[in-house]
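Next up, start-v8.pdb (PDB, C-alpha atoms and all ligand atoms):
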```pdb
MODEL        1
ATOM      1  CA  MET A   1     124.662 -66.475 220.339
ATOM      2  CA  THR A   2     127.624 -64.955 218.589
ATOM      3  CA  ASN A   3     127.847 -62.426 215.865
ATOM      4  CA  THR A   4     128.184 -64.067 212.496
ATOM      5  CA  ALA A   5     128.365 -60.910 210.439
ATOM      6  CA  PRO A   6     131.621 -60.736 208.558
ATOM      7  CA  SER A   7     133.698 -57.595 208.742
ATOM      8  CA  THR A   8     133.555 -55.398 205.671
ATOM      9  CA  ALA A   9     137.188 -56.168 204.949
ATOM     10  CA  GLY A  10     136.622 -59.906 205.145
ATOM     11  CA  ALA A  11     133.446 -60.015 203.063
ATOM     12  CA  PRO A  12     134.261 -61.617 199.726
ATOM     13  CA  THR A  13     131.323 -60.068 197.906
ATOM     14  CA  ALA A  14     128.219 -58.121 198.790
ATOM     15  CA  PRO A  15     125.095 -60.270 198.837
ATOM     16  CA  GLY A  16     123.203 -60.221 195.546
ATOM     17  CA  ALA A  17     119.504 -59.552 195.066
ATOM     18  CA  GLY A  18     118.963 -63.336 194.838
ATOM     19  CA  ASP A  19     119.998 -63.700 198.488
ATOM     20  CA  PHE A  20     116.915 -61.780 199.592
ATOM     21  CA  ALA A  21     113.404 -63.204 199.774
ATOM     22  CA  ALA A  22     112.079 -59.638 199.824
ATOM     23  CA  ARG A  23     113.662 -56.214 199.518
ATOM     24  CA  THR A  24     112.753 -52.596 199.250
ATOM     25  CA  VAL A  25     114.519 -49.737 197.487
ATOM     26  CA  LYS A  26     113.953 -46.245 198.888
ATOM     27  CA  ILE A  27     110.293 -46.760 199.684
ATOM     28  CA  ALA A  28     108.257 -43.869 201.025
ATOM     29  CA  LYS A  29     104.729 -43.810 202.364
ATOM     30  CA  VAL A  30     102.875 -40.694 203.484
ATOM     31  CA  TYR A  31      99.434 -40.680 205.118
ATOM     32  CA  GLY A  32      97.138 -37.645 205.201
ATOM     33  CA  ARG A  33      97.674 -34.053 204.112
ATOM     34  CA  GLY A  34      98.391 -30.669 205.630
ATOM     35  CA  ASP A  35      98.378 -30.751 209.420
ATOM     36  CA  ALA A  36      97.398 -34.437 209.333
ATOM     37  CA  ARG A  37     100.385 -35.401 207.120
ATOM     38  CA  VAL A  38     102.417 -38.314 208.531
ATOM     39  CA  VAL A  39     105.542 -39.698 206.883
ATOM     40  CA  ALA A  40     105.201 -43.360 207.829
ATOM     41  CA  LEU A  41     108.141 -44.581 205.705
ATOM     42  CA  ASP A  42     110.940 -42.242 204.749
ATOM     43  CA  GLY A  43     113.071 -43.874 202.051
ATOM     44  CA  VAL A  44     113.576 -47.392 203.425
ATOM     45  CA  THR A  45     116.047 -49.623 201.603
ATOM     46  CA  VAL A  46     116.376 -53.068 203.120
ATOM     47  CA  GLY A  47     116.838 -56.717 202.188
ATOM     48  CA  ILE A  48     115.267 -59.638 204.025
ATOM     49  CA  PRO A  49     117.743 -62.520 203.815
ATOM     50  CA  ARG A  50     116.463 -65.859 202.589
ATOM     51  CA  GLY A  51     116.175 -68.697 205.103
ATOM     52  CA  ARG A  52     116.520 -66.353 208.073
ATOM     53  CA  PHE A  53     114.260 -65.105 210.856
ATOM     54  CA  THR A  54     114.155 -61.290 210.909
ATOM     55  CA  ALA A  55     112.399 -59.211 213.561
ATOM     56  CA  ILE A  56     111.346 -55.590 213.090
ATOM     57  CA  MET A  57     111.248 -53.436 216.204
ATOM     58  CA  GLY A  58     110.850 -49.769 216.997
ATOM     59  CA  PRO A  59     108.787 -47.341 219.054
ATOM     60  CA  SER A  60     105.032 -47.105 218.558
ATOM     61  CA  GLY A  61     104.264 -45.229 215.344
ATOM     62  CA  SER A  62     107.762 -45.770 213.894
ATOM     63  CA  GLY A  63     106.368 -47.468 210.777
ATOM     64  CA  LYS A  64     106.797 -51.181 211.518
ATOM     65  CA  SER A  65     103.347 -52.294 210.365
ATOM     66  CA  THR A  66     103.439 -49.971 207.376
ATOM     67  CA  LEU A  67     106.792 -51.436 206.296
ATOM     68  CA  MET A  68     105.507 -54.977 206.690
ATOM     69  CA  HIS A  69     102.257 -54.247 204.838
ATOM     70  CA  CYS A  70     104.131 -52.557 201.977
ATOM     71  CA  MET A  71     106.643 -55.405 201.706
ATOM     72  CA  ALA A  72     103.808 -57.948 201.684
ATOM     73  CA  GLY A  73     101.861 -56.106 198.991
ATOM     74  CA  LEU A  74      98.966 -55.392 201.378
ATOM     75  CA  ASP A  75      99.510 -51.644 201.079
ATOM     76  CA  SER A  76     100.929 -49.514 198.264
ATOM     77  CA  VAL A  77     104.006 -47.277 198.444
ATOM     78  CA  ASP A  78     104.111 -43.652 197.242
ATOM     79  CA  SER A  79     107.583 -44.079 195.761
ATOM     80  CA  GLY A  80     110.358 -46.628 195.593
ATOM     81  CA  GLU A  81     110.321 -50.312 194.729
ATOM     82  CA  VAL A  82     109.307 -53.481 196.562
ATOM     83  CA  PHE A  83     110.454 -56.939 195.483
ATOM     84  CA  ILE A  84     109.249 -60.382 196.522
ATOM     85  CA  GLY A  85     111.945 -62.602 195.039
ATOM     86  CA  ASP A  86     112.544 -61.142 191.571
ATOM     87  CA  THR A  87     109.067 -59.685 191.201
ATOM     88  CA  GLU A  88     108.629 -55.931 191.583
ATOM     89  CA  LEU A  89     105.249 -55.362 193.230
ATOM     90  CA  THR A  90     104.536 -51.772 192.250
ATOM     91  CA  ARG A  91     104.335 -52.759 188.585
ATOM     92  CA  LEU A  92     101.717 -55.455 189.158
ATOM     93  CA  LYS A  93      98.024 -55.128 188.432
ATOM     94  CA  ASP A  94      95.621 -55.953 191.283
ATOM     95  CA  LYS A  95      94.934 -59.489 190.042
ATOM     96  CA  GLN A  96      98.634 -60.257 189.624
ATOM     97  CA  LEU A  97      99.320 -58.909 193.106
ATOM     98  CA  THR A  98      96.561 -61.066 194.591
ATOM     99  CA  ARG A  99      97.996 -64.117 192.857
ATOM    100  CA  LEU A 100     101.514 -63.330 194.034
ATOM    101  CA  ARG A 101     100.332 -62.929 197.638
ATOM    102  CA  ARG A 102      98.415 -66.182 197.377
ATOM    103  CA  ASP A 103     101.279 -68.181 195.856
ATOM    104  CA  LYS A 104     104.391 -66.684 197.444
ATOM    105  CA  VAL A 105     103.471 -65.053 200.735
ATOM    106  CA  GLY A 106     102.252 -66.455 204.044
ATOM    107  CA  PHE A 107     100.708 -64.386 206.832
ATOM    108  CA  ILE A 108     100.389 -64.837 210.581
ATOM    109  CA  PHE A 109      98.418 -62.168 212.427
ATOM    110  CA  GLN A 110      97.930 -61.339 216.091
ATOM    111  CA  ALA A 111      94.276 -62.394 215.788
ATOM    112  CA  PHE A 112      94.537 -65.955 214.555
ATOM    113  CA  ASN A 113      91.983 -65.466 211.761
ATOM    114  CA  LEU A 114      90.862 -69.081 211.611
ATOM    115  CA  VAL A 115      87.552 -70.140 210.066
ATOM    116  CA  PRO A 116      85.428 -71.309 213.036
ATOM    117  CA  THR A 117      83.410 -73.896 211.125
ATOM    118  CA  LEU A 118      86.466 -75.715 209.762
ATOM    119  CA  THR A 119      88.690 -78.224 211.571
ATOM    120  CA  ALA A 120      92.335 -77.459 212.286
ATOM    121  CA  LEU A 121      93.424 -79.501 209.267
ATOM    122  CA  GLU A 122      90.862 -77.828 206.990
ATOM    123  CA  ASN A 123      92.066 -74.427 208.173
ATOM    124  CA  ILE A 124      95.669 -75.390 207.445
ATOM    125  CA  THR A 125      94.924 -76.469 203.888
ATOM    126  CA  LEU A 126      92.333 -73.764 203.149
ATOM    127  CA  PRO A 127      94.644 -71.379 201.229
ATOM    128  CA  MET A 128      95.791 -74.246 199.009
ATOM    129  CA  ASP A 129      92.202 -75.434 198.529
ATOM    130  CA  ILE A 130      91.242 -71.924 197.412
ATOM    131  CA  ALA A 131      94.221 -71.828 195.056
ATOM    132  CA  GLY A 132      93.269 -75.246 193.667
ATOM    133  CA  ARG A 133      96.585 -76.690 194.811
ATOM    134  CA  ARG A 134      96.939 -80.120 196.335
ATOM    135  CA  PRO A 135      99.017 -80.131 199.524
ATOM    136  CA  GLU A 136     102.207 -82.196 199.330
ATOM    137  CA  LYS A 137     101.495 -84.926 201.853
ATOM    138  CA  GLU A 138     105.046 -85.347 203.143
ATOM    139  CA  TRP A 139     105.499 -81.620 203.619
ATOM    140  CA  LEU A 140     102.132 -81.238 205.306
ATOM    141  CA  ASP A 141     103.012 -84.093 207.677
ATOM    142  CA  ALA A 142     106.321 -82.422 208.518
ATOM    143  CA  VAL A 143     104.589 -79.086 209.189
ATOM    144  CA  VAL A 144     101.890 -80.685 211.365
ATOM    145  CA  ASP A 145     104.565 -82.496 213.384
ATOM    146  CA  THR A 146     106.757 -79.411 213.678
ATOM    147  CA  VAL A 147     103.928 -77.445 215.259
ATOM    148  CA  GLY A 148     102.801 -80.466 217.329
ATOM    149  CA  LEU A 149      99.208 -80.504 216.083
ATOM    150  CA  ARG A 150      98.728 -84.121 215.104
ATOM    151  CA  PRO A 151      96.350 -84.999 217.999
ATOM    152  CA  ARG A 152      94.261 -81.880 217.343
ATOM    153  CA  LEU A 153      93.710 -81.978 213.583
ATOM    154  CA  LYS A 154      89.979 -82.741 213.801
ATOM    155  CA  HIS A 155      89.265 -80.071 216.402
ATOM    156  CA  ARG A 156      87.544 -76.798 215.547
ATOM    157  CA  PRO A 157      89.170 -73.510 216.658
ATOM    158  CA  THR A 158      86.819 -73.098 219.655
ATOM    159  CA  GLU A 159      88.035 -76.476 220.933
ATOM    160  CA  LEU A 160      91.663 -75.288 220.884
ATOM    161  CA  SER A 161      93.634 -73.039 223.242
ATOM    162  CA  GLY A 162      94.943 -69.686 221.991
ATOM    163  CA  GLY A 163      98.421 -71.137 221.614
ATOM    164  CA  GLN A 164      97.066 -74.111 219.652
ATOM    165  CA  GLN A 165      95.029 -71.799 217.417
ATOM    166  CA  GLN A 166      98.130 -69.758 216.638
ATOM    167  CA  ARG A 167     100.000 -72.984 215.880
ATOM    168  CA  VAL A 168      97.256 -73.790 213.351
ATOM    169  CA  ALA A 169      97.787 -70.329 211.849
ATOM    170  CA  CYS A 170     101.565 -70.991 211.695
ATOM    171  CA  ALA A 171     100.963 -74.359 210.017
ATOM    172  CA  ARG A 172      98.562 -72.687 207.543
ATOM    173  CA  ALA A 173     101.273 -70.189 206.617
ATOM    174  CA  LEU A 174     103.982 -72.866 206.344
ATOM    175  CA  ALA A 175     101.937 -75.511 204.502
ATOM    176  CA  ALA A 176     101.963 -73.730 201.157
ATOM    177  CA  ARG A 177     105.786 -73.321 201.275
ATOM    178  CA  PRO A 178     105.680 -69.596 200.638
ATOM    179  CA  GLU A 179     108.725 -67.618 199.605
ATOM    180  CA  ILE A 180     108.323 -65.548 202.761
ATOM    181  CA  ILE A 181     106.079 -65.395 205.840
ATOM    182  CA  PHE A 182     105.096 -62.079 207.415
ATOM    183  CA  ALA A 183     104.084 -62.308 211.076
ATOM    184  CA  ASP A 184     102.492 -59.261 212.698
ATOM    185  CA  GLU A 185     102.748 -59.501 216.514
ATOM    186  CA  PRO A 186     102.105 -63.273 216.337
ATOM    187  CA  THR A 187     102.394 -63.690 220.116
ATOM    188  CA  GLY A 188     100.490 -60.520 221.047
ATOM    189  CA  ASN A 189      97.406 -62.471 222.176
ATOM    190  CA  LEU A 190      99.217 -65.334 223.881
ATOM    191  CA  ASP A 191     100.436 -65.987 227.418
ATOM    192  CA  SER A 192     104.200 -66.160 227.714
ATOM    193  CA  ARG A 193     104.392 -69.963 227.614
ATOM    194  CA  SER A 194     102.233 -70.328 224.488
ATOM    195  CA  GLY A 195     104.094 -67.387 222.965
ATOM    196  CA  ALA A 196     107.433 -69.096 223.568
ATOM    197  CA  GLU A 197     106.105 -72.277 221.937
ATOM    198  CA  VAL A 198     104.925 -70.442 218.835
ATOM    199  CA  LEU A 199     108.222 -68.545 218.559
ATOM    200  CA  GLY A 200     110.073 -71.831 218.939
ATOM    201  CA  PHE A 201     108.087 -73.292 216.029
ATOM    202  CA  LEU A 202     108.764 -70.265 213.886
ATOM    203  CA  ARG A 203     112.483 -70.500 214.622
ATOM    204  CA  ASP A 204     112.459 -74.257 213.935
ATOM    205  CA  SER A 205     110.738 -73.745 210.606
ATOM    206  CA  VAL A 206     113.568 -71.383 209.646
ATOM    207  CA  ARG A 207     116.327 -73.695 210.901
ATOM    208  CA  ARG A 208     114.878 -77.018 209.759
ATOM    209  CA  MET A 209     112.807 -76.090 206.728
ATOM    210  CA  GLY A 210     114.727 -73.085 205.436
ATOM    211  CA  GLN A 211     111.658 -70.845 205.708
ATOM    212  CA  THR A 212     112.101 -67.057 205.575
ATOM    213  CA  ILE A 213     110.167 -65.184 208.269
ATOM    214  CA  VAL A 214     109.762 -61.480 209.035
ATOM    215  CA  MET A 215     108.076 -60.621 212.329
ATOM    216  CA  VAL A 216     106.938 -57.303 213.755
ATOM    217  CA  THR A 217     107.048 -57.319 217.540
ATOM    218  CA  HIS A 218     107.143 -55.020 220.561
ATOM    219  CA  ASP A 219     108.624 -57.727 222.751
ATOM    220  CA  PRO A 220     112.431 -57.954 223.141
ATOM    221  CA  SER A 221     112.104 -61.600 224.266
ATOM    222  CA  ALA A 222     110.260 -62.433 221.052
ATOM    223  CA  ALA A 223     112.843 -60.552 218.966
ATOM    224  CA  ALA A 224     115.580 -62.634 220.607
ATOM    225  CA  TYR A 225     114.289 -65.702 218.707
ATOM    226  CA  ALA A 226     115.222 -64.005 215.430
ATOM    227  CA  ASP A 227     118.546 -64.172 213.611
ATOM    228  CA  GLN A 228     118.596 -60.411 213.225
ATOM    229  CA  VAL A 229     116.596 -57.389 214.342
ATOM    230  CA  LEU A 230     115.944 -54.289 212.251
ATOM    231  CA  PHE A 231     115.196 -51.163 214.276
ATOM    232  CA  LEU A 232     112.896 -48.499 212.859
ATOM    233  CA  THR A 233     112.371 -44.962 214.097
ATOM    234  CA  ASP A 234     110.513 -42.189 212.314
ATOM    235  CA  GLY A 235     110.039 -44.302 209.198
ATOM    236  CA  GLN A 236     113.726 -45.079 208.777
ATOM    237  CA  ILE A 237     115.817 -48.130 209.594
ATOM    238  CA  VAL A 238     118.425 -46.880 212.020
ATOM    239  CA  ASP A 239     120.075 -50.040 213.247
ATOM    240  CA  THR A 240     120.546 -53.778 212.706
ATOM    241  CA  MET A 241     121.418 -56.308 215.391
ATOM    242  CA  VAL A 242     122.652 -59.762 214.420
ATOM    243  CA  GLY A 243     122.325 -62.576 216.970
ATOM    244  CA  PRO A 244     120.094 -60.585 219.325
ATOM    245  CA  THR A 245     119.477 -61.291 222.986
ATOM    246  CA  ALA A 246     116.469 -59.920 224.895
ATOM    247  CA  GLU A 247     118.791 -57.827 227.088
ATOM    248  CA  ARG A 248     120.611 -56.193 224.189
ATOM    249  CA  VAL A 249     117.355 -55.520 222.317
ATOM    250  CA  LEU A 250     115.832 -53.962 225.438
ATOM    251  CA  GLU A 251     118.933 -51.839 225.929
ATOM    252  CA  ARG A 252     118.743 -50.663 222.304
ATOM    253  CA  MET A 253     115.049 -49.842 222.628
ATOM    254  CA  LYS A 254     115.747 -47.778 225.750
ATOM    255  CA  GLY A 255     118.135 -45.735 223.609
ATOM    256  CA  PHE A 256     115.200 -44.695 221.400
ATOM    257  CA  GLU A 257     113.253 -43.476 224.423
ATOM    258  CA  THR A 258     116.167 -41.294 225.452
ATOM    259  CA  GLY A 259     116.606 -39.841 221.973
ATOM    260  CA  GLY A 260     119.315 -42.248 220.815
ATOM    261  CA  GLY A 261     117.452 -43.203 217.649
ATOM    262  CA  ARG A 262     119.277 -42.016 214.570
ATOM    263  CA  ALA A 263     122.736 -41.595 216.016
ATOM    264  CA  SER A 264     123.228 -45.317 216.402
ATOM    265  CA  MET A 265     126.869 -45.903 217.046
ATOM    266  CA  PRO A 266     128.082 -49.491 216.706
ATOM    267  CA  ALA A 267     128.423 -51.169 220.068
ATOM    268  CA  ALA A 268     131.920 -51.864 221.294
ATOM    269  CA  ASP A 269     131.499 -55.529 220.428
ATOM    270  CA  GLY A 270     130.462 -54.590 216.910
ATOM    271  CA  ARG A 271     127.219 -56.530 217.192
ATOM    272  CA  SER A 272     124.869 -53.614 217.000
ATOM    273  CA  GLY A 273     124.726 -50.351 215.176
ATOM    274  CA  VAL A 274     124.922 -49.400 211.541
ATOM    275  CA  GLY A 275     128.069 -51.389 211.289
ATOM    276  CA  PRO A 276     129.201 -54.605 209.707
ATOM    277  CA  ALA A 277     125.825 -56.302 209.724
ATOM    278  CA  THR A 278     125.623 -57.904 206.326
ATOM    279  CA  ALA A 279     122.462 -59.854 207.100
ATOM    280  CA  GLY A 280     120.086 -57.002 206.469
ATOM    281  CA  ALA A 281     122.283 -55.204 204.023
ATOM    282  CA  HIS A 282     121.090 -54.133 200.670
ATOM    283  CA  PRO A 283     122.992 -55.390 197.641
ATOM    284  CA  GLU A 284     123.347 -51.988 196.068
ATOM    285  CA  GLN A 285     125.024 -50.650 199.162
ATOM    286  CA  GLY A 286     127.397 -53.490 199.867
ATOM    287  CA  PRO A 287     127.808 -54.967 203.272
ATOM    288  CA  GLY A 288     127.562 -52.907 206.364
ATOM    289  CA  VAL A 289     124.433 -50.825 205.914
ATOM    290  CA  ALA A 290     120.991 -52.164 206.536
ATOM    291  CA  ALA A 291     119.137 -49.254 205.035
ATOM    292  CA  ARG A 292     119.411 -45.865 203.495
TER     293      ARG A 292
HETATM  294  N1  LIG B   1      95.795 -45.487 207.561
HETATM  295  C1  LIG B   1      96.494 -44.520 208.161
HETATM  296  N2  LIG B   1      96.095 -43.242 208.070
HETATM  297  C2  LIG B   1      96.798 -42.239 208.651
HETATM  298  N3  LIG B   1      97.949 -42.445 209.346
HETATM  299  C3  LIG B   1      98.404 -43.718 209.466
HETATM  300  C4  LIG B   1      97.694 -44.815 208.887
HETATM  301  N4  LIG B   1      98.373 -45.950 209.170
HETATM  302  C5  LIG B   1      99.445 -45.579 209.898
HETATM  303  N5  LIG B   1      99.455 -44.235 210.072
HETATM  304  C6  LIG B   1     100.493 -43.460 210.779
HETATM  305  O1  LIG B   1     101.755 -43.830 210.243
HETATM  306  C7  LIG B   1     102.731 -43.937 211.282
HETATM  307  C8  LIG B   1     103.318 -45.335 211.275
HETATM  308  O2  LIG B   1     102.290 -46.237 211.655
HETATM  309  P1  LIG B   1     102.560 -47.802 211.865
HETATM  310  O3  LIG B   1     101.251 -48.421 212.234
HETATM  311  O4  LIG B   1     103.271 -48.347 210.698
HETATM  312  O5  LIG B   1     103.544 -47.783 213.125
HETATM  313  P2  LIG B   1     103.987 -48.989 214.062
HETATM  314  O6  LIG B   1     105.430 -48.823 214.308
HETATM  315  O7  LIG B   1     103.531 -50.285 213.496
HETATM  316  O8  LIG B   1     103.159 -48.627 215.384
HETATM  317  P3  LIG B   1     102.639 -49.568 216.568
HETATM  318  O9  LIG B   1     103.856 -50.160 217.198
HETATM  319  O10 LIG B   1     101.969 -48.604 217.493
HETATM  320  O11 LIG B   1     101.709 -50.586 216.006
HETATM  321  C9  LIG B   1     102.024 -43.592 212.575
HETATM  322  O12 LIG B   1     102.260 -42.232 212.872
HETATM  323  C10 LIG B   1     100.547 -43.805 212.258
HETATM  324  O13 LIG B   1      99.718 -42.971 213.018
ENDMDL
END
```

Would you encode the structure as structure tokens?
Amino acid sequence: MTNTAPSTAGAPTAPGAGDFAARTVKIAKVYGRGDARVVALDGVTVGIPRGRFTAIMGPSGSGKSTLMHCMAGLDSVDSGEVFIGDTELTRLKDKQLTRLRRDKVGFIFQAFNLVPTLTALENITLPMDIAGRRPEKEWLDAVVDTVGLRPRLKHRPTELSGGQQQRVACARALAARPEIIFADEPTGNLDSRSGAEVLGFLRDSVRRMGQTIVMVTHDPSAAAYADQVLFLTDGQIVDTMVGPTAERVLERMKGFETGGGRASMPAADGRSGVGPATAGAHPEQGPGVAAR
């Protein structure tokens, strides 16, 4: 895969806010007090480009899940702003936030979170049933075929393999055509073959259906399915890699272990580092900086 990020000089304009399915502006999140105080997010400014697959990586405790939960409106921030599309989440009342999550956000978790008494198809359409929305038949058919579930639609979760259950969870997230899907370690409970299948479906849904997906992962091979990888350490985004490969992601992660976190110099090929990576750039900062 080649780097598609334009050089700063060649970029006609910085991407606008409308190019991002979700974005944050200087968000901070602190847990605990006194000796127990932990700065989980330390002023993160980032945009998640529409119609792209973005992975978030970083050492354990770097703030990946906190960032995802704050962006998805599952957790609150202490300061800063979070947008899903044009909507600023911190200004919403609880009911409005619940509605926004229901209508605009899809989730895929490590534990598949399927309802055991419902069939695969009933699980897929459950969020829309709860919202009182009728699934669009053509779209639902396309989703079911994309994840290869047609022969299994009448099966209950216990009659499905782990990989098939996660495909049901992917279809459930895709079926409602959300603005953005957040996936938290979606392959964490799967063997490598089922994991590769699920990642393939996620990538296909981005390529073929224009879905926007953000995925937290520890696995460089999983991150390599994404269009870009954001690297977090100590609650800050320190690097962006466009067109990742498992080898380059692994190499970058090793740099964090050896203390190479913040001082991320662009690689010689310009494909990594706080360099000309427009994909994760924030509109207020122009191209070239993914955060801060
Ligand atoms: N509810 C909480 N109360 C106190 N501290 C928390 C809480 N949630 C997270 N933290 C702390 O915030 C920091 C960031 O946690 P977070 O779970 O976002 O990291 P992570 O990068 O997702 O880690 P991992 O890869 O291990 O899942 C960690 O130091 C963690 O201990």

Which value, in Å to one decimal, gives the distance between atom CA of A:Pro116 and atom CA of A:Thr158?
7.0 Å

Name all residues at most 7 Å from A:Val77 (count all atoms listed in the file; drop same-chain ones fewer than 6 positions away) and give them as an mmCIF file with C-alpha atoms, keeping the file's coordinate frame.
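Output file selection.cif follows:
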```
data_model
loop_
_atom_site.group_PDB
_atom_site.id
_atom_site.type_symbol
_atom_site.label_atom_id
_atom_site.label_comp_id
_atom_site.auth_asym_id
_atom_site.auth_seq_id
_atom_site.Cartn_x
_atom_site.Cartn_y
_atom_site.Cartn_z
ATOM 1 C CA ILE A 27 110.293 -46.760 199.684
ATOM 2 C CA ALA A 28 108.257 -43.869 201.025
ATOM 3 C CA LYS A 29 104.729 -43.810 202.364
ATOM 4 C CA CYS A 70 104.131 -52.557 201.977
#
```

Give me, as JSON lines, the closest atom pair and its distance (Å, one decimal) for every residue of chain A within a cut-off of 10 Å of ligand LIG 1 (chain B), counting only C-alpha atoms and all ligand atoms, rows sorted by chain and rising number.
```
{"residue": "A:Lys29", "atom": "CA", "partner": "B:LIG1", "partner_atom": "O1", "distance": 8.4}
{"residue": "A:Val30", "atom": "CA", "partner": "B:LIG1", "partner_atom": "O1", "distance": 7.5}
{"residue": "A:Tyr31", "atom": "CA", "partner": "B:LIG1", "partner_atom": "C2", "distance": 4.7}
{"residue": "A:Gly32", "atom": "CA", "partner": "B:LIG1", "partner_atom": "C2", "distance": 5.8}
{"residue": "A:Arg33", "atom": "CA", "partner": "B:LIG1", "partner_atom": "C2", "distance": 9.4}
{"residue": "A:Ala36", "atom": "CA", "partner": "B:LIG1", "partner_atom": "C2", "distance": 7.9}
{"residue": "A:Arg37", "atom": "CA", "partner": "B:LIG1", "partner_atom": "N3", "distance": 7.8}
{"residue": "A:Val38", "atom": "CA", "partner": "B:LIG1", "partner_atom": "O1", "distance": 5.8}
{"residue": "A:Val39", "atom": "CA", "partner": "B:LIG1", "partner_atom": "O1", "distance": 6.5}
{"residue": "A:Ala40", "atom": "CA", "partner": "B:LIG1", "partner_atom": "O1", "distance": 4.2}
{"residue": "A:Leu41", "atom": "CA", "partner": "B:LIG1", "partner_atom": "C8", "distance": 7.4}
{"residue": "A:Ile56", "atom": "CA", "partner": "B:LIG1", "partner_atom": "O6", "distance": 9.1}
{"residue": "A:Met57", "atom": "CA", "partner": "B:LIG1", "partner_atom": "O6", "distance": 7.7}
{"residue": "A:Gly58", "atom": "CA", "partner": "B:LIG1", "partner_atom": "O6", "distance": 6.1}
{"residue": "A:Pro59", "atom": "CA", "partner": "B:LIG1", "partner_atom": "O9", "distance": 6.0}
{"residue": "A:Ser60", "atom": "CA", "partner": "B:LIG1", "partner_atom": "O9", "distance": 3.5}
{"residue": "A:Gly61", "atom": "CA", "partner": "B:LIG1", "partner_atom": "O5", "distance": 3.5}
{"residue": "A:Ser62", "atom": "CA", "partner": "B:LIG1", "partner_atom": "O6", "distance": 3.9}
{"residue": "A:Gly63", "atom": "CA", "partner": "B:LIG1", "partner_atom": "O4", "distance": 3.2}
{"residue": "A:Lys64", "atom": "CA", "partner": "B:LIG1", "partner_atom": "O6", "distance": 3.9}
{"residue": "A:Ser65", "atom": "CA", "partner": "B:LIG1", "partner_atom": "O7", "distance": 3.7}
{"residue": "A:Thr66", "atom": "CA", "partner": "B:LIG1", "partner_atom": "O4", "distance": 3.7}
{"residue": "A:Leu67", "atom": "CA", "partner": "B:LIG1", "partner_atom": "O4", "distance": 6.4}
{"residue": "A:Met68", "atom": "CA", "partner": "B:LIG1", "partner_atom": "O4", "distance": 8.1}
{"residue": "A:His69", "atom": "CA", "partner": "B:LIG1", "partner_atom": "O4", "distance": 8.4}
{"residue": "A:Cys70", "atom": "CA", "partner": "B:LIG1", "partner_atom": "O4", "distance": 9.7}
{"residue": "A:Asp75", "atom": "CA", "partner": "B:LIG1", "partner_atom": "N1", "distance": 9.7}
{"residue": "A:Asp184", "atom": "CA", "partner": "B:LIG1", "partner_atom": "O7", "distance": 9.1}
{"residue": "A:Glu185", "atom": "CA", "partner": "B:LIG1", "partner_atom": "O11", "distance": 9.0}
{"residue": "A:Val216", "atom": "CA", "partner": "B:LIG1", "partner_atom": "O7", "distance": 7.8}
{"residue": "A:Thr217", "atom": "CA", "partner": "B:LIG1", "partner_atom": "O9", "distance": 7.8}
{"residue": "A:His218", "atom": "CA", "partner": "B:LIG1", "partner_atom": "O9", "distance": 6.8}
{"residue": "A:Leu232", "atom": "CA", "partner": "B:LIG1", "partner_atom": "O6", "distance": 7.6}
{"residue": "A:Thr233", "atom": "CA", "partner": "B:LIG1", "partner_atom": "O6", "distance": 7.9}
{"residue": "A:Asp234", "atom": "CA", "partner": "B:LIG1", "partner_atom": "C8", "distance": 7.9}
{"residue": "A:Gly235", "atom": "CA", "partner": "B:LIG1", "partner_atom": "C8", "distance": 7.1}
```

So that I can see what lies close to A:Thr187, please list as a PyMOL selection string the residues with an atom at most 12 Å from it, counting all atoms listed in the file and leaving out residues fewer than 6 positions away in the same chain.
chain A and resi 108-112+162-167+169-170+193-202+215-223

In the coordinate frame of the file, compute which residues have an atom within 12 Å of (92.2, -80.5, 207.8) when using only C-alpha atoms, and state them as a PyMOL selection string.
chain A and resi 115+117-129+135+137+140-141+144+149-157+168+171-172+175

Return as an NGL selection string the set of residues that the PyMOL selection byres (((chain A and resi 48) around 8) and not hetatm) yields on the displayed structure.
:A and (20-23 or 46-47 or 49-50 or 52 or 54 or 214 or 279-280)

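The gap separating atom CA of A:Asp227 from atom CA of A:Arg99 is 29.2 Å, in Å to one decimal.
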
In Å, how far is it from atom CA of A:Phe107 to atom CA of A:Ile181?
5.6 Å

When distances are computed from only C-alpha atoms, which of A:Ile130, A:Met71, A:Phe53, A:Ile180 shows the smallest separation from A:Val242?
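Ranked by minimum distance to A:Val242, first place goes to A:Phe53.
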
Between A:Ala226, A:Met253, A:Leu174, A:Val25, which has the minimum distance to A:Asp239 (counting only C-alpha atoms)?
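Smallest distance to A:Asp239 is found for A:Met253.
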